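Please read the structure below before turning to the comments.
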Amino acid sequence: MTRDGVQIRRAEDGDLQATAQAHLRFLPVGLFPSMGERFLRRWHRTFLHPPHGIALVAVDRQARGEQVVGFLLGTTDQAAQTDALLRNRRTLLALGVAGLVALLRRPRLAARFLRTRGRPWLRKLRQRRRATAGTPGARPARPVAVLAAVAVESGARGRGLGAALVRHFVAEARASGAEVAELVTVVPGEGGAGAGFYERLGWSATGDRRTRDGTTVRTYVYPLDRPAPSRVRGYLIESEGV
């Protein structure tokens with residue numbers, strides 16, 4: 001799908017350096033960005049493959065080398081995506097090694113991780129692995145799609161790309177059978193999206209909370225029983241990608 005030389009398509013392995021770098025520049029708040037570009041590339045790679053991963057890029061085809069000017073990461077079923085990751089030992093090991101290397105290189109971050117997240121994450125991981133092993137194929141009654149990250153390069157803003165990426169995600173999540181989509185973002189003023197961006201796209205805020213790092217974040221939901229628009233400022237929305 002193209003407009004003004006920009007195409008939205010599924011991300012590929014060769015796009016991950018650009019998406020990770022954009023993540024660091026435009027979404028720097030939180031634990032994962034603090035762990036650096038190498039870890040982010042590994043994490044972004046977990047979204048590349050259907051049926052539950054969604055990784056999109058907006059590519060300027062008029063630029064030399066088809067420059068990535070925006071990206072989105074999400075899942076059509078967060079529980080199923082997590083279960084698939086836990087079953088894929090190779091991917092889980094690669095992500096774990098990248099995370100360990102990042103923490104070893106950043107002693108202060110490692111100390112903060114152990115203090116705020118180490119035990120809770122290990123406990124949840126053990127619980128999830130036991131549940132996954134005990135009930136293979138089980139899924140929650142209400143699949144929840146999650147929009148994990150979205151960003152657009154400064155020079156490409158004002159062209160509807162951010163809205164197109166989000167609405168494409170909504171269309172894919174709806175087509176997958178999810179009943180609701182969720183996202184968590186840093187509140188405006190602390191590094192989050194501009195005030196009203198998600199509201200204008202039909203998302204509803206459900207509340208704010210403080211993270212373990214002291215950042216205020218806001219949760220949004222989007223019921224997927226709403227009809228989807230066929231166009232977003234000239235960018236076609238197609239469930240099969242490009």
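In the structure tokens, each chain is lettered A, B, ... as it comes, each chain's residues begin at 1, and ligands are numbered from 1 in order of appearance.
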
| said: List the spatial neighbours of A:Gln78 as a ChimeraX atom specification - criterion: any atom at most 7 Å away, only C-alpha atoms, same-chain residues fewer than 6 positions off excluded. | reply: /A:144-146

| task | Please identify which residues in stretch 30-205 of chain A DSSP calls strand (DSSP E or B) from the backbone, and express them as JSON, numbers by chain. | result | {"A": [53, 54, 55, 56, 57, 58, 59, 60, 67, 68, 69, 70, 71, 72, 73, 74, 75, 144, 145, 146, 147, 148, 149, 150, 151, 152, 180, 181, 182, 183, 184, 185, 186, 204, 205]}

| said: Counting only C-alpha atoms, which residue out of A:Arg64, A:Arg41, A:Arg10, A:His168 sits closest to A:Leu95? | reply: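 Result for the nearest residue to A:Leu95: A:Arg41.
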
| note | Counting only C-alpha atoms, closest pick from A:Val180, A:Val187, A:Ala156, A:Leu104 relative to A:Val221 is A:Val180

| message | Taking only stretch 9-151 of chain A into account, list the residues labelled helix (DSSP H, G or I) by DSSP (computed from the backbone), as number ranges by chain. | response | A: 13-26, 31-34, 37-45, 78-87, 89-104, 107-134

| task | Could you check which of A:Ala173, A:Pro223, A:Ala20, A:Leu31 is closest to A:Arg117, using only C-alpha atoms? | result | A:Leu31
